[in-house]
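Structure below is query-v9.cif: mmCIF, C-alpha atoms.
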data_run
#
loop_
_atom_site.label_atom_id
_atom_site.label_comp_id
_atom_site.auth_asym_id
_atom_site.auth_seq_id
_atom_site.Cartn_x
_atom_site.Cartn_y
_atom_site.Cartn_z
CA MET O 1 -11.97 51.38 10.18
CA THR O 2 -13.06 54.36 8.10
CA ASP O 3 -10.94 53.43 5.11
CA ARG O 4 -11.97 49.80 5.23
CA GLY O 5 -14.88 50.30 2.82
CA LYS O 6 -12.64 51.89 0.23
CA MET O 7 -10.13 49.07 0.46
CA THR O 8 -12.65 46.31 -0.12
CA LYS O 9 -14.01 47.96 -3.25
CA SER O 10 -10.82 47.60 -5.31
CA THR O 11 -7.60 45.72 -5.05
CA ASP O 12 -4.43 47.73 -4.82
CA GLY O 13 -1.70 46.05 -6.86
CA GLY O 14 0.92 48.21 -5.22
CA ARG O 15 -0.06 46.96 -1.80
CA ILE O 16 0.19 43.30 -2.83
CA ALA O 17 3.51 44.01 -4.51
CA ALA O 18 4.81 45.63 -1.32
CA THR O 19 3.68 42.63 0.71
CA LEU O 20 5.32 40.17 -1.64
CA SER O 21 8.62 42.00 -1.89
CA ARG O 22 8.73 42.60 1.87
CA HIS O 23 8.30 38.89 2.53
CA ALA O 24 10.30 37.62 -0.45
CA ASP O 25 12.72 35.97 1.93
CA ALA O 26 9.89 33.91 3.39
CA ILE O 27 8.17 33.14 0.08
CA LEU O 28 11.16 32.11 -2.00
CA PRO O 29 12.50 29.21 0.12
CA GLU O 30 9.06 27.69 0.54
CA TRP O 31 8.23 28.06 -3.14
CA THR O 32 11.59 26.67 -4.21
CA ALA O 33 11.15 23.72 -1.86
CA LYS O 34 7.85 22.85 -3.51
CA GLN O 35 9.51 22.95 -6.92
CA LEU O 36 12.31 20.62 -6.05
CA THR O 37 10.04 17.81 -5.09
CA ARG O 38 8.67 17.78 -8.63
CA GLY O 39 11.51 18.46 -11.01
CA ALA O 40 14.96 17.23 -11.81
CA LEU O 41 16.47 20.70 -12.09
CA THR O 42 19.32 21.80 -9.84
CA ASP O 43 18.47 23.68 -6.63
CA SER O 44 20.39 26.79 -7.52
CA LEU O 45 18.87 27.08 -10.99
CA VAL O 46 15.32 26.78 -9.66
CA ALA O 47 16.06 29.26 -6.88
CA SER O 48 17.38 31.82 -9.34
CA GLN O 49 14.42 31.27 -11.69
CA CYS O 50 12.00 31.72 -8.78
CA SER O 51 13.62 34.91 -7.58
CA GLU O 52 13.79 36.30 -11.12
CA PHE O 53 10.10 35.56 -11.62
CA LEU O 54 9.16 37.11 -8.27
CA GLY O 55 11.10 40.24 -9.18
CA LEU O 56 9.28 40.56 -12.51
CA PHE O 57 5.94 39.71 -10.91
CA VAL O 58 6.29 42.35 -8.22
CA ALA O 59 7.39 44.92 -10.79
CA ALA O 60 4.32 44.27 -12.94
CA LEU O 61 1.77 44.07 -10.10
CA PRO O 62 1.13 47.78 -9.36
CA GLY O 63 -0.27 48.50 -12.83
CA GLY O 64 -1.11 45.00 -13.94
CA VAL O 65 -3.93 43.87 -11.66
CA GLY O 66 -6.97 42.54 -13.52
CA SER O 67 -5.60 40.89 -16.62
CA ILE O 68 -2.32 39.39 -17.79
CA ASP O 69 -3.00 40.91 -21.21
CA LYS O 70 -1.86 44.30 -19.89
CA LYS O 71 1.42 45.56 -21.24
CA GLU O 72 3.02 45.49 -17.78
CA TRP O 73 3.18 41.70 -18.03
CA GLY O 74 5.34 41.69 -21.17
CA PRO O 75 8.69 40.94 -19.45
CA THR O 76 7.08 38.34 -17.17
CA LYS O 77 5.55 36.52 -20.12
CA GLU O 78 8.79 36.65 -22.03
CA PHE O 79 10.58 35.08 -19.08
CA LEU O 80 7.91 32.37 -18.76
CA GLY O 81 8.01 31.65 -22.50
CA THR O 82 11.74 30.99 -22.40
CA LEU O 83 11.35 28.89 -19.27
CA SER O 84 8.51 26.78 -20.73
CA ARG O 85 10.29 26.13 -23.99
CA SER O 86 13.48 25.09 -22.25
CA ARG O 87 11.55 22.77 -19.94
CA ALA O 88 9.64 21.32 -22.90
CA ALA O 89 12.95 20.63 -24.63
CA GLN O 90 14.24 18.95 -21.47
CA GLY O 91 11.27 16.59 -21.48
CA PHE O 92 9.22 17.93 -18.56
CA SER O 93 5.49 17.31 -18.60
CA PRO O 94 3.06 20.22 -19.06
CA SER O 95 1.80 19.96 -15.48
CA GLU O 96 5.32 19.95 -14.08
CA THR O 97 6.01 23.10 -16.07
CA ALA O 98 2.79 24.82 -14.98
CA MET O 99 3.45 23.90 -11.34
CA PHE O 100 6.34 26.36 -11.44
CA ILE O 101 3.68 29.06 -11.16
CA PHE O 102 1.02 27.24 -9.18
CA ALA O 103 3.47 26.26 -6.44
CA ALA O 104 3.91 29.96 -5.69
CA LYS O 105 0.28 30.36 -4.64
CA GLU O 106 0.45 28.89 -1.15
CA PRO O 107 3.45 30.83 0.16
CA MET O 108 2.22 34.08 -1.43
CA PHE O 109 -1.29 33.69 -0.07
CA GLU O 110 0.07 33.00 3.37
CA GLN O 111 1.97 36.32 3.39
CA VAL O 112 -1.01 38.25 2.01
CA ARG O 113 -3.19 36.75 4.73
CA VAL O 114 -0.69 37.60 7.49
CA ASP O 115 -0.25 41.19 6.25
CA GLY O 116 -3.96 41.72 5.90
CA GLY O 117 -4.37 41.20 9.62
CA GLY O 118 -8.01 40.95 10.60
CA ASN O 119 -9.29 42.67 7.43
CA GLY O 120 -11.06 39.66 5.93
CA ASP O 121 -12.61 41.48 2.96
CA GLN O 122 -9.33 43.02 1.93
CA VAL O 123 -7.53 39.70 2.15
CA ALA O 124 -10.25 38.00 0.12
CA ALA O 125 -10.11 40.65 -2.60
CA ASP O 126 -6.32 40.52 -2.78
CA LEU O 127 -6.26 36.74 -2.89
CA GLY O 128 -8.85 36.78 -5.66
CA ALA O 129 -6.78 39.16 -7.75
CA LEU O 130 -3.61 37.22 -7.08
CA THR O 131 -5.26 33.90 -7.94
CA SER O 132 -6.60 35.13 -11.27
CA LEU O 133 -3.20 36.54 -12.21
CA LEU O 134 -1.29 33.41 -11.23
CA ASP O 135 -3.85 31.19 -12.97
CA GLY O 136 -3.53 33.26 -16.12
CA LEU O 137 0.25 33.04 -16.00
CA GLY O 138 0.09 29.31 -15.31
CA LEU O 139 -2.10 28.75 -18.35
CA TYR O 140 0.19 30.96 -20.39
CA THR O 141 3.07 28.73 -19.32
CA THR O 142 1.21 25.65 -20.53
CA GLU O 143 0.40 27.38 -23.80
CA MET O 144 4.05 28.25 -24.33
CA TYR O 145 5.02 24.72 -23.41
CA GLN O 146 2.66 23.43 -26.10
CA LYS O 147 4.11 25.84 -28.62
CA GLY O 148 7.61 24.67 -27.78
CA ARG O 149 6.58 21.07 -28.35
CA GLU O 150 4.87 21.91 -31.62
CA GLU O 151 7.97 23.68 -32.87
CA LEU O 152 9.97 20.60 -31.99
CA ILE O 153 7.55 18.33 -33.84
CA ARG O 154 7.48 20.55 -36.90
CA ARG O 155 11.26 20.64 -37.04
CA GLN O 156 11.46 16.88 -36.73
CA GLU O 157 8.85 16.42 -39.44
CA ARG O 158 10.85 18.62 -41.76
CA ASP O 159 14.05 16.76 -40.97
CA LEU O 160 12.31 13.48 -41.59
CA LEU O 161 11.02 14.60 -44.97
CA GLU O 162 14.50 15.63 -46.03
CA LEU O 163 16.02 12.46 -44.66
CA SER O 164 13.53 10.22 -46.32
CA THR O 165 14.28 10.91 -49.97
CA PRO O 166 17.92 10.37 -50.74
CA VAL O 167 18.49 8.58 -54.04
CA VAL O 168 21.74 6.66 -53.87
CA THR O 169 23.80 5.48 -56.82
CA LEU O 170 24.95 1.98 -55.91
CA TRP O 171 26.70 1.34 -59.18
CA ASP O 172 26.82 2.61 -62.70
CA GLY O 173 23.20 2.15 -63.80
CA ILE O 174 21.88 0.99 -60.44
CA LEU O 175 20.02 3.35 -58.11
CA ALA O 176 18.70 2.70 -54.63
CA LEU O 177 16.00 4.55 -52.71
CA PRO O 178 16.21 3.65 -49.03
CA MET O 179 12.82 4.57 -47.60
CA ILE O 180 12.61 5.37 -43.91
CA GLY O 181 9.53 6.01 -41.80
CA THR O 182 5.84 5.84 -42.50
CA LEU O 183 5.01 6.35 -46.15
CA ASP O 184 2.21 8.86 -46.65
CA SER O 185 1.10 10.34 -49.94
CA GLY O 186 3.17 13.50 -49.68
CA ARG O 187 6.42 11.79 -48.81
CA THR O 188 6.00 9.06 -51.41
CA GLN O 189 5.30 11.69 -54.04
CA VAL O 190 8.53 13.52 -53.19
CA ALA O 191 10.49 10.26 -53.19
CA MET O 192 8.94 9.11 -56.47
CA GLU O 193 9.75 12.35 -58.25
CA ALA O 194 13.30 12.33 -56.93
CA LEU O 195 13.81 8.75 -58.07
CA LEU O 196 12.38 9.26 -61.57
CA GLN O 197 14.42 12.42 -62.02
CA ARG O 198 17.59 10.59 -61.06
CA ILE O 199 16.73 7.74 -63.45
CA VAL O 200 16.62 10.24 -66.31
CA GLU O 201 19.79 12.01 -65.21
CA THR O 202 21.88 8.88 -64.76
CA GLY O 203 20.25 6.63 -67.36
CA SER O 204 19.95 3.93 -64.74
CA GLN O 205 18.16 0.78 -65.77
CA ILE O 206 17.57 -0.61 -62.31
CA ALA O 207 16.17 1.03 -59.21
CA ILE O 208 16.00 -0.69 -55.84
CA LEU O 209 13.28 0.46 -53.44
CA ASP O 210 14.46 -0.55 -50.01
CA ILE O 211 11.72 -0.56 -47.38
CA THR O 212 13.77 -1.87 -44.46
CA GLY O 213 13.05 1.37 -42.60
CA VAL O 214 9.31 1.36 -43.22
CA PRO O 215 7.64 0.19 -40.00
CA THR O 216 4.29 -0.93 -41.41
CA VAL O 217 2.79 -1.51 -44.81
CA ASP O 218 -0.90 -1.00 -45.41
CA THR O 219 -2.88 -1.00 -48.63
CA LEU O 220 -2.20 2.69 -49.18
CA THR O 221 1.55 2.28 -48.72
CA ALA O 222 1.57 -0.69 -51.08
CA GLN O 223 -0.36 1.33 -53.63
CA HIS O 224 2.21 4.13 -53.43
CA LEU O 225 5.01 1.64 -53.90
CA LEU O 226 3.33 0.04 -56.88
CA LYS O 227 2.75 3.46 -58.44
CA THR O 228 6.45 4.22 -58.14
CA VAL O 229 7.35 0.87 -59.65
CA THR O 230 4.92 1.35 -62.53
CA ALA O 231 6.11 4.89 -63.26
CA ALA O 232 9.73 3.72 -63.32
CA ARG O 233 8.79 0.86 -65.62
CA LEU O 234 7.04 3.24 -68.00
CA MET O 235 10.28 5.15 -68.28
CA GLY O 236 12.19 2.00 -69.06
CA ALA O 237 13.76 1.24 -65.70
CA GLU O 238 13.14 -1.87 -63.69
CA CYS O 239 12.31 -1.71 -59.98
CA ILE O 240 13.19 -4.19 -57.28
CA ILE O 241 11.57 -3.93 -53.86
CA SER O 242 13.87 -5.06 -51.09
CA GLY O 243 14.00 -5.10 -47.31
CA ILE O 244 10.68 -6.83 -46.81
CA ARG O 245 10.58 -8.09 -43.24
CA PRO O 246 8.71 -11.29 -42.36
CA GLN O 247 5.85 -9.45 -40.64
CA ILE O 248 5.44 -7.18 -43.65
CA ALA O 249 5.36 -10.16 -46.00
CA GLN O 250 2.56 -11.61 -43.87
CA THR O 251 0.70 -8.32 -43.83
CA ILE O 252 0.94 -8.00 -47.60
CA VAL O 253 -0.60 -11.43 -48.09
CA HIS O 254 -3.28 -10.92 -45.42
CA LEU O 255 -4.32 -7.63 -47.00
CA GLY O 256 -4.54 -9.32 -50.38
CA ILE O 257 -2.13 -6.86 -51.99
CA ASP O 258 -1.04 -8.08 -55.40
CA LEU O 259 2.54 -7.04 -56.05
CA GLY O 260 2.14 -8.48 -59.54
CA ASP O 261 5.35 -9.16 -61.36
CA VAL O 262 7.45 -6.83 -59.24
CA ILE O 263 10.69 -8.44 -58.15
CA THR O 264 10.86 -8.59 -54.36
CA LYS O 265 13.86 -9.51 -52.27
CA ALA O 266 14.37 -9.89 -48.55
CA THR O 267 17.52 -7.80 -48.31
CA LEU O 268 19.18 -4.99 -50.17
CA ALA O 269 22.17 -7.26 -50.76
CA ASP O 270 20.02 -9.79 -52.61
CA ALA O 271 18.47 -7.03 -54.69
CA PHE O 272 21.88 -5.61 -55.53
CA ARG O 273 23.09 -9.04 -56.63
CA ILE O 274 20.11 -9.37 -59.00
CA ALA O 275 20.67 -5.84 -60.26
CA LEU O 276 24.30 -6.60 -61.04
CA ALA O 277 23.29 -9.77 -62.85
CA ARG O 278 20.70 -7.88 -64.89
CA THR O 279 23.28 -5.37 -66.02
CA GLY O 280 25.68 -8.11 -67.01
CA ARG O 281 28.02 -7.92 -64.04
CA ALA O 282 29.14 -10.36 -61.41
CA VAL O 283 30.84 -9.96 -58.10
CA ALA O 284 33.86 -12.14 -57.46
CA LYS O 285 36.40 -12.49 -54.70
CA VAL O 286 39.81 -11.15 -55.59
CA GLY O 287 42.49 -13.10 -53.78
CA GLY O 288 43.00 -12.21 -50.09
CA ALA O 289 40.42 -11.88 -47.39
CA ALA O 290 40.88 -8.09 -47.22
CA SER O 291 39.32 -7.48 -50.60
CA ILE O 292 36.10 -9.36 -50.21
CA ALA O 293 33.80 -8.10 -52.91
CA SER O 294 30.59 -8.63 -51.04
CA ALA O 295 27.37 -7.74 -52.72
CA ALA O 296 26.34 -5.81 -49.64
CA GLY O 297 28.22 -2.87 -51.12
CA ALA O 298 30.39 -2.18 -48.07
CA GLY O 299 33.42 0.07 -48.50
CA ALA O 300 35.82 -2.85 -48.86
CA GLY O 301 33.56 -4.52 -51.40
CA VAL O 302 33.41 -1.46 -53.60
CA ARG O 303 37.20 -1.22 -53.76
CA GLY O 304 37.47 -4.91 -54.50
CA THR O 305 35.16 -4.92 -57.47
CA SER O 306 36.30 -1.66 -58.96
CA THR O 307 39.78 -3.04 -59.36
CA ALA O 308 38.35 -6.20 -60.85
CA GLN O 309 36.10 -4.50 -63.36
CA PRO O 310 38.52 -3.21 -66.03
CA MET P 1 -1.86 18.25 -92.53
CA ASP P 2 0.98 17.40 -90.12
CA ARG P 3 2.26 13.89 -90.10
CA ILE P 4 4.59 12.18 -87.71
CA PRO P 5 7.51 10.76 -89.71
CA ILE P 6 8.18 7.04 -89.50
CA LEU P 7 11.81 6.14 -90.16
CA ARG P 8 13.04 2.70 -91.02
CA ILE P 9 16.25 1.34 -89.52
CA GLY P 10 16.95 -2.24 -90.60
CA ASN P 11 13.94 -4.21 -89.58
CA LEU P 12 12.86 -1.61 -87.03
CA LEU P 13 10.63 1.42 -87.39
CA LEU P 14 11.44 4.58 -85.48
CA VAL P 15 8.66 6.99 -84.60
CA THR P 16 9.74 10.18 -82.88
CA ILE P 17 6.97 12.32 -81.51
CA GLN P 18 8.21 15.89 -81.42
CA VAL P 19 5.02 17.89 -81.69
CA ASP P 20 2.05 18.20 -79.43
CA MET P 21 -0.09 15.15 -79.94
CA HIS P 22 -3.64 16.05 -80.73
CA ASP P 23 -6.26 13.44 -81.28
CA ARG P 24 -6.40 13.52 -85.09
CA LEU P 25 -2.63 13.31 -85.33
CA ALA P 26 -2.68 10.28 -83.06
CA LEU P 27 -5.25 8.51 -85.22
CA GLN P 28 -3.27 9.39 -88.34
CA LEU P 29 -0.17 7.89 -86.74
CA GLN P 30 -2.00 4.66 -86.01
CA ASP P 31 -3.03 4.41 -89.67
CA ASP P 32 0.42 5.21 -91.01
CA LEU P 33 2.25 2.94 -88.63
CA THR P 34 0.11 -0.13 -89.16
CA SER P 35 0.37 0.19 -92.91
CA ARG P 36 4.15 0.72 -92.71
CA ILE P 37 4.54 -2.37 -90.52
CA SER P 38 2.62 -4.49 -92.95
CA THR P 39 4.41 -3.14 -96.05
CA THR P 40 7.92 -3.33 -94.58
CA GLY P 41 7.40 -6.39 -92.44
CA ALA P 42 9.19 -4.62 -89.61
CA ARG P 43 9.78 -6.69 -86.51
CA GLY P 44 10.07 -3.86 -84.06
CA VAL P 45 8.75 -0.35 -83.42
CA LEU P 46 10.60 2.26 -81.41
CA LEU P 47 8.23 4.92 -80.12
CA ASP P 48 10.34 7.84 -78.91
CA ILE P 49 8.29 10.13 -76.68
CA SER P 50 11.15 11.97 -74.98
CA SER P 51 9.83 15.31 -76.25
CA LEU P 52 6.31 14.62 -75.10
CA GLU P 53 5.61 16.88 -72.12
CA ILE P 54 1.88 16.54 -71.75
CA VAL P 55 -0.26 13.43 -71.87
CA ASP P 56 -3.91 12.72 -71.32
CA SER P 57 -5.83 9.49 -71.12
CA PHE P 58 -6.37 9.51 -74.89
CA ILE P 59 -2.67 9.65 -75.70
CA GLY P 60 -2.02 7.03 -73.05
CA ARG P 61 -4.53 4.71 -74.61
CA MET P 62 -3.18 5.43 -78.06
CA ILE P 63 0.29 4.30 -77.00
CA SER P 64 -1.24 1.15 -75.60
CA ASN P 65 -3.24 0.62 -78.79
CA ILE P 66 -0.25 1.13 -81.06
CA ALA P 67 1.64 -1.54 -79.13
CA ALA P 68 -1.29 -3.93 -79.34
CA MET P 69 -1.80 -3.34 -83.08
CA ALA P 70 1.89 -3.80 -83.76
CA ARG P 71 1.88 -7.04 -81.82
CA VAL P 72 -0.98 -8.34 -83.92
CA LEU P 73 1.19 -7.56 -86.96
CA ASP P 74 4.10 -9.43 -85.30
CA ALA P 75 6.16 -6.39 -84.40
CA GLU P 76 7.29 -5.61 -80.86
CA THR P 77 6.91 -2.03 -79.61
CA VAL P 78 9.30 -0.33 -77.23
CA VAL P 79 8.36 3.05 -75.80
CA VAL P 80 11.52 5.04 -75.08
CA GLY P 81 12.41 8.19 -73.19
CA MET P 82 9.27 8.82 -71.21
CA GLN P 83 9.64 11.88 -68.98
CA PRO P 84 9.12 11.51 -65.22
CA ALA P 85 6.14 13.87 -65.21
CA VAL P 86 4.52 11.93 -68.04
CA ALA P 87 5.10 8.63 -66.25
CA ILE P 88 3.58 9.95 -63.02
CA THR P 89 0.58 11.33 -64.92
CA LEU P 90 -0.07 8.02 -66.68
CA VAL P 91 0.17 6.14 -63.39
CA GLU P 92 -2.21 8.58 -61.71
CA LEU P 93 -4.61 8.14 -64.63
CA GLY P 94 -4.49 4.41 -63.98
CA LEU P 95 -2.81 3.67 -67.31
CA SER P 96 0.10 1.41 -66.46
CA LEU P 97 0.39 0.26 -70.10
CA PRO P 98 0.66 -3.45 -69.38
CA GLY P 99 2.36 -5.36 -72.14
CA VAL P 100 4.19 -2.33 -73.51
CA ARG P 101 7.96 -2.59 -73.33
CA THR P 102 9.88 0.48 -72.25
CA ALA P 103 13.47 1.68 -72.36
CA LEU P 104 15.29 4.73 -71.09
CA ASP P 105 16.64 5.89 -74.44
CA ILE P 106 16.75 4.91 -78.11
CA ASP P 107 20.05 3.10 -77.68
CA LYS P 108 18.74 0.83 -74.95
CA GLY P 109 15.48 0.40 -76.82
CA MET P 110 17.30 -0.78 -79.94
CA SER P 111 19.38 -3.30 -78.06
CA LEU P 112 16.25 -4.57 -76.34
CA LEU P 113 14.49 -4.96 -79.67
CA SER P 114 17.42 -6.54 -81.43
CA ALA P 115 17.77 -9.04 -78.60
CA TYR P 116 14.11 -9.79 -78.91
CA THR P 117 13.98 -10.06 -82.70
CA SER P 118 17.18 -12.10 -82.97
CA THR P 119 16.05 -14.75 -80.48
CA ASP P 120 12.69 -14.78 -82.17
CA ARG P 121 14.22 -15.26 -85.63
CA ASP P 122 16.50 -18.02 -84.40
CA ARG P 123 13.50 -19.87 -83.22
CA LEU P 124 11.63 -19.38 -86.46
CA GLU P 125 14.49 -19.81 -88.91
CA PRO P 126 14.30 -23.58 -89.48
CA ALA P 127 10.66 -23.33 -90.47
CA LEU P 128 10.74 -20.04 -92.39
CA PRO P 129 14.30 -19.45 -93.67
CA ALA P 130 13.80 -16.25 -95.72
CA THR P 131 11.75 -14.06 -93.39
CA ALA P 132 14.09 -11.23 -92.41
CA ASP P 133 16.08 -11.00 -95.65
CA GLY P 134 13.01 -11.10 -97.82
CA ASP P 135 11.34 -8.32 -95.80
CA GLY P 136 14.45 -6.17 -95.87
CA SER P 137 14.87 -6.17 -99.65
CA GLY P 138 11.15 -5.89 -100.30
CA GLY P 139 10.83 -2.74 -98.20
CA GLY P 140 14.00 -1.09 -99.60
#
Can you give me the file's structure in the form of structure tokens?
Amino acid sequence: MTDRGKMTKSTDGGRIAATLSRHADAILPEWTAKQLTRGALTDSLVASQCSEFLGLFVAALPGGVGSIDKKEWGPTKEFLGTLSRSRAAQGFSPSETAMFIFAAKEPMFEQVRVDGGGNGDQVAADLGALTSLLDGLGLYTTEMYQKGREELIRRQERDLLELSTPVVTLWDGILALPMIGTLDSGRTQVAMEALLQRIVETGSQIAILDITGVPTVDTLTAQHLLKTVTAARLMGAECIISGIRPQIAQTIVHLGIDLGDVITKATLADAFRIALARTGRAVAKVGGAASIASAAGAGAGVRGTSTAQP
Amino acid sequence: MDRIPILRIGNLLLVTIQVDMHDRLALQLQDDLTSRISTTGARGVLLDISSLEIVDSFIGRMISNIAAMARVLDAETVVVGMQPAVAITLVELGLSLPGVRTALDIDKGMSLLSAYTSTDRDRLEPALPATADGDGSGGG
């Protein structure tokens, strides 16, 4: 009992580490069992992740008690970061990811309590230290999870921006700009510049703005579209807006948006037909059914008309 | 003082802006062009701004004004070769130049104007038989 006072004053990380590694065989199955009820990962993978974490945790404990900012926790954090990001990518929720750590509390505490024997103060101090460490690591896991998600979102945003601005040459003198996704100022600006640049390069007289892939149209979106149409007109090209779905037509009227004298068509095929007519061309069937020169611009149609043109 | 040359091609006038437009030059151009339209009886004006890199609201309005003045004098204006950056700037300034015809290049602008002037003349010919020929020889 003489050394009891000393023990209650400070927590010995080495002692907790010894306890945990001595009873690893008891902790790991219980911890793993708690995991499996929550996740869709395979048993063996979770078991190996748990034992790897316990190994790192025990290694860091002797010098790392007090704060997870200490350098001893570097490898542990690195392991948790990889784990969180991979779980985020697999579609696990933040709490499911954090429970990887929090599920370890009960089995660990049980062993600390058993090893502490009747020394209540020592057990309390050890549990306190262990709790703060595990809480810190749990929060770190959530933070990493969030970062993983943010990276994913940023990458998707970038992909979307690149995807959203292809300018397609449908025919000699006819360009199409298939717009996909919500139109904000930045994306419309990029698309507008790309379109105008291509008009100059190709000397195209007609540009078709296809908004089939635009989910909603509000006043701001309509304004962006009209700006693009006006800019193209100033350069001497005519714009046709196509792909207007029934709901969008209703929205446009309800919002009181005046599309002025812009030509609007329901489908890209209709717009292409008008564009061909404006440039003095017509699409005609050439003989057999195989060479249908449809105005939809499908592969077969393109071959059909190109042979007919000269 | 600098002047922007106005060239005559048939019954069209070609104005190519190749220098930086400053305000006095723009006003001078308005004077020159209106008097040339009335002396030559031109039916169309081609305003080539393909070398124009910078515009402001004044230049934008001047283009609009030139077109309106020409229309009063019975000549149609086609603005050709506007650069993308210039077009975006004008749109952002709120100058959409309504009523001004545009074309991608001089070639397309000329065919647009000739289509316009020929249909117009056909319509007028029975009443005023000597319009185009008389103007052409008078100006030359």
(request) Compute the distance from (3.7, -5.6, -56.7) to each atom, counting all atoms listed in the file, keep the residues with any atom at most 12 Å away, and return them as a list of chain:residue names; use the coordinates of the file. (result)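 The residues that fall inside the cut-off are O:Leu209, O:Thr219, O:Thr221, O:Ala222, O:Gln223, O:His224, O:Leu225, O:Leu226, O:Lys227, O:Thr228, O:Val229, O:Thr230, O:Cys239, O:Ile240, O:Ile241, O:Ser242, O:Ala249, O:Ile252, O:Val253, O:Gly256, O:Ile257, O:Asp258, O:Leu259, O:Gly260, O:Asp261, O:Val262, O:Ile263, O:Thr264, O:Lys265.
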May I have the selected residues written with C-alpha atoms, as a tab-separated table (two decimals), in the coordinates of the input?
chain	number	residue	atom	x	y	z
O	209	LEU	CA	13.28	0.46	-53.44
O	219	THR	CA	-2.88	-1.00	-48.63
O	221	THR	CA	1.55	2.28	-48.72
O	222	ALA	CA	1.57	-0.69	-51.08
O	223	GLN	CA	-0.36	1.33	-53.63
O	224	HIS	CA	2.21	4.13	-53.43
O	225	LEU	CA	5.01	1.64	-53.90
O	226	LEU	CA	3.33	0.04	-56.88
O	227	LYS	CA	2.75	3.46	-58.44
O	228	THR	CA	6.45	4.22	-58.14
O	229	VAL	CA	7.35	0.87	-59.65
O	230	THR	CA	4.92	1.35	-62.53
O	239	CYS	CA	12.31	-1.71	-59.98
O	240	ILE	CA	13.19	-4.19	-57.28
O	241	ILE	CA	11.57	-3.93	-53.86
O	242	SER	CA	13.87	-5.06	-51.09
O	249	ALA	CA	5.36	-10.16	-46.00
O	252	ILE	CA	0.94	-8.00	-47.60
O	253	VAL	CA	-0.60	-11.43	-48.09
O	256	GLY	CA	-4.54	-9.32	-50.38
O	257	ILE	CA	-2.13	-6.86	-51.99
O	258	ASP	CA	-1.04	-8.08	-55.40
O	259	LEU	CA	2.54	-7.04	-56.05
O	260	GLY	CA	2.14	-8.48	-59.54
O	261	ASP	CA	5.35	-9.16	-61.36
O	262	VAL	CA	7.45	-6.83	-59.24
O	263	ILE	CA	10.69	-8.44	-58.15
O	264	THR	CA	10.86	-8.59	-54.36
O	265	LYS	CA	13.86	-9.51	-52.27
Dump as a Markdown table the rows for residues of chain P within 10 Å of chain O: closest atom pair and distance in Å with one decimal, all atoms listed in the file counted, ordered by chain and rising residue number.
| residue | atom | partner | partner_atom | distance |
| --- | --- | --- | --- | --- |
| P:Ile49 | CA | O:Met235 | CA | 10.0 |
| P:Ser50 | CA | O:Met235 | CA | 9.6 |
| P:Val78 | CA | O:Gly236 | CA | 9.0 |
| P:Val79 | CA | O:Gly236 | CA | 7.8 |
| P:Val80 | CA | O:Gly236 | CA | 6.8 |
| P:Gly81 | CA | O:Met235 | CA | 6.2 |
| P:Met82 | CA | O:Met235 | CA | 4.8 |
| P:Gln83 | CA | O:Met235 | CA | 6.8 |
| P:Pro84 | CA | O:Leu196 | CA | 5.4 |
| P:Ala85 | CA | O:Glu193 | CA | 8.0 |
| P:Val86 | CA | O:Ala231 | CA | 8.7 |
| P:Ala87 | CA | O:Ala231 | CA | 4.9 |
| P:Ile88 | CA | O:Ala231 | CA | 5.7 |
| P:Thr89 | CA | O:Ala231 | CA | 8.6 |
| P:Leu90 | CA | O:Ala231 | CA | 7.7 |
| P:Val91 | CA | O:Ala231 | CA | 6.1 |
| P:Glu92 | CA | O:Lys227 | CA | 7.8 |
| P:Gly94 | CA | O:Lys227 | CA | 9.2 |
| P:Leu95 | CA | O:Thr230 | CA | 9.4 |
| P:Ser96 | CA | O:Thr230 | CA | 6.2 |
| P:Leu97 | CA | O:Leu234 | CA | 7.6 |
| P:Pro98 | CA | O:Leu234 | CA | 9.3 |
| P:Val100 | CA | O:Leu234 | CA | 8.3 |
| P:Arg101 | CA | O:Gly236 | CA | 7.6 |
| P:Thr102 | CA | O:Gly236 | CA | 4.2 |
| P:Ala103 | CA | O:Gly236 | CA | 3.6 |
| P:Leu104 | CA | O:Gly236 | CA | 4.6 |
| P:Asp105 | CA | O:Gly203 | CA | 8.0 |
| P:Lys108 | CA | O:Gly236 | CA | 8.9 |
| P:Gly109 | CA | O:Gly236 | CA | 8.6 |
(request) Provide the CA of Tyr145 (chain O) to CA of Pro107 (chain O) distance in Å, to one decimal place. (result) 24.4 Å
(message) Report, in Å to a single decimal, how far apart CA of Gly13 (chain O) and CA of Leu61 (chain O) are.
(response)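 Between these atoms lies a distance of 5.1 Å.
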(message) Could you list, as a ChimeraX atom specification, every residue within 7 Å of Gly64 (chain O), counting only C-alpha atoms and ignoring same-chain residues fewer than 5 positions away?
(response) /O:70,72-73
Test item: axis-aligned box, all listed atoms of region 44-51 of chain P, 3 Å on each side, centre and edges in Å rounded to one decimal, as JSON:
{"center_x": 9.7, "center_y": 5.7, "center_z": -79.5, "size_x": 8.9, "size_y": 25.2, "size_z": 15.1}
(message) As an exercise, work out the distance from CA of Ser57 (chain P) to CA of Asp23 (chain P) in Å and give it to one decimal place.
(response) 10.9 Å
(request) Considering only C-alpha atoms, return as a PyMOL selection string whatever protein or nucleic-acid residues lie within 7 Å of region 22-27 of chain O, sequence-local ones (same chain, fewer than 2 positions apart) excluded. (result) chain O and resi 18-20+29-31+107-108+111
(request) Enumerate, as an MDAnalysis selection string, the residues matched when the PyMOL selection byres ((chain P and resi 24) around 12) is run on the file above. (result) chainID P and resid 1:4 20:23 25:31 58:59 62
